[in-house]
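**Q** This structure is in structure tokens; I'll ask about it shortly.
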Amino acid sequence: MWVRWKPEHDPCPECGFSWGIAVTGAVELVRGSPARYEEAVRGRDATAPVLPGAWSPGQYLWHMVDVLRNGTERLWTIGIDPENGVPCWDENELAEVRSYDRQSVAVGLRAYERSVTGWCEAAEEVRSDALTVHAELGTISASDVIRRNAHECRHHLVDIQKAPVPEVGSWSDSESRTGAATDAG
Ligand SMILES: [Zn+2]
């Protein structure tokens, strides 16, 4: 469930992401993700844990907003001030102080789309072999940050997809009969 810096096994056994992906492919993966997240989140109960003890789709969504915002800042650091290095952050502490569980899912989808736009811009601006120092991991390159974020993007989409899709039930059946719903299911 938790995404380490780099999968211990390549490709990642949970989501199939390969660390060998080209940097441009990783950027495209993230660029195309907002529609996938929207479909995955809207088709499920966004507030119920995807599995017992796990985050809800809404919490994963807000986590990804912050992953890409933080990733954008890391890419800017590599491009603008690499000597500064990048600090660590704790995703659970951030989830707590940002109250992911009480944030609007609709706003999260907007925030996610905007964070993807900014991240893609930063990923395309930076030289992929440019380096900085991560507080725990040591020297990292822009391509490491890009692949890491692209992996999280795919991995957490798969996490969200673990949540059940509600059966087409009486609500949409009755709506369909009245002709009110055109896209039930
Ligand atoms: Zn994975």
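By convention here, the chains of the structure tokens are called A, B, ... in the order presented, each chain's residues are numbered starting at 1, and ligands are numbered starting at 1 in the order presented.
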Step by step, measure atom-to-atom distances between ligand 1 and each residue using only C-alpha atoms and all ligand atoms, keep those at most 6 Å, then write them as a count of residues only.
**A** 6
**Q** Fewer than 6 positions away in the same chain doesn't count, so skip those; otherwise give me all residues within 12 Å of Arg31 in chain A, counting only C-alpha atoms, as a PyMOL selection string.
**A** chain A and resi 24-25+37+68+112-121+123-124+146+149-150+153-154
**Q** Okay, now the selection with C-alpha atoms, as a tab-separated table (two decimals), in the first residue's frame?
**A**
chain	number	residue	atom	x	y	z
A	24	THR	CA	8.92	11.31	-21.14
A	25	GLY	CA	6.70	8.26	-20.61
A	37	TYR	CA	-8.61	9.64	-11.10
A	68	LEU	CA	2.64	16.35	-7.02
A	112	TYR	CA	-5.38	17.36	-8.59
A	113	GLU	CA	-5.85	18.54	-12.17
A	114	ARG	CA	-4.08	21.82	-11.39
A	115	SER	CA	-1.26	20.09	-9.53
A	116	VAL	CA	-0.71	17.83	-12.56
A	117	THR	CA	-0.46	20.87	-14.85
A	118	GLY	CA	2.15	22.53	-12.64
A	119	TRP	CA	4.08	19.32	-12.14
A	120	CYS	CA	4.26	18.57	-15.89
A	121	GLU	CA	5.52	22.10	-16.52
A	123	ALA	CA	9.17	18.20	-15.18
A	124	GLU	CA	9.60	19.53	-18.72
A	146	ILE	CA	9.76	12.22	-11.95
A	149	ASN	CA	5.97	10.66	-8.62
A	150	ALA	CA	4.74	8.79	-11.73
A	153	CYS	CA	0.36	8.32	-9.53
A	154	ARG	CA	-0.19	4.84	-10.94
**Q** Which residues are near Leu157 in chain A? Cut-off 12 Å, only C-alpha atoms, ignore same chain within fewer than 4 positions. Put them as a ChimeraX atom specification.
**A** /A:1,14-17,29-30,33-41,50,56-61,63-64,150-153,161-163
**Q** Mind dumping the selected residues with C-alpha atoms as a compact mmCIF listing (two decimals), in the first residue's frame?
**A**
# COMPACT_ATOMS: atom_id res chain seq x y z
CA MET A 1 0.00 0.00 0.00
CA GLU A 14 1.08 -4.18 -7.06
CA CYS A 15 0.67 -1.74 -9.94
CA GLY A 16 3.01 -2.94 -12.71
CA PHE A 17 5.03 0.29 -12.84
CA LEU A 29 1.53 8.92 -17.40
CA VAL A 30 1.00 11.78 -14.92
CA SER A 33 -4.03 10.79 -14.96
CA PRO A 34 -6.69 13.39 -13.97
CA ALA A 35 -9.42 11.76 -16.07
CA ARG A 36 -8.49 8.35 -14.67
CA TYR A 37 -8.61 9.64 -11.10
CA GLU A 38 -11.92 11.36 -11.73
CA GLU A 39 -13.43 8.17 -13.12
CA ALA A 40 -12.01 6.03 -10.31
CA VAL A 41 -13.05 8.37 -7.49
CA VAL A 50 -10.71 1.13 0.05
CA SER A 56 -10.44 6.24 1.32
CA PRO A 57 -10.39 7.24 -2.38
CA GLY A 58 -10.74 10.88 -1.27
CA GLN A 59 -7.74 10.59 1.03
CA TYR A 60 -5.61 9.04 -1.74
CA LEU A 61 -6.72 11.80 -4.06
CA HIS A 63 -2.43 12.67 -0.95
CA MET A 64 -1.67 12.77 -4.68
CA ALA A 150 4.74 8.79 -11.73
CA HIS A 151 4.90 5.55 -9.77
CA GLU A 152 2.83 7.04 -6.94
CA CYS A 153 0.36 8.32 -9.53
CA GLN A 161 -9.58 0.87 -7.77
CA LYS A 162 -9.46 -1.68 -4.92
CA ALA A 163 -12.60 -0.07 -3.54
**Q** Which distance in Å separates CA of Ile78 in chain A and CA of Lys6 in chain A, to one decimal?
**A**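 Result for CA of Ile78 in chain A versus CA of Lys6 in chain A: 18.9 Å, one decimal.
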**Q** Between CA of Trp76 in chain A and CA of Val27 in chain A, what is the spacing in Å?
**A** 15.4 Å
**Q** Among range 12-169 of chain A, which ones does DSSP place in helix (DSSP H, G or I), written as a PyMOL selection string?
**A** chain A and resi 23-31+33-42+57-80+82-84+91-97+100-102+105-125+142-160
**Q** Go through A:Pro166, A:Pro13, A:Gly85, A:Gly32 one by one, measure the shortest atom-to-atom distance of each to Thr139 in chain A using only C-alpha atoms, and give the residue with the smallest value.
**A** A:Gly85
**Q** If I take CA of Ser18 in chain A and CA of Asp144 in chain A, how far is one from the other in Å, to one decimal?
**A**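 Spanning CA of Ser18 in chain A to CA of Asp144 in chain A is a straight-line distance of 12.6 Å.
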**Q** Check the smallest atom-to-atom distance from each of A:Val158, A:Arg127, A:Arg42, A:Ala122 to Gly71 in chain A using only C-alpha atoms, then report the winner.
**A**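 Result for the nearest residue to Gly71 in chain A: A:Ala122.
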**Q** Give the answer as one residue: which of A:Arg102, A:Glu91, A:Ser128, A:Ile160 has the shortest atom-to-atom distance to Val67 in chain A, using only C-alpha atoms?
**A**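 Closest candidate: A:Glu91.
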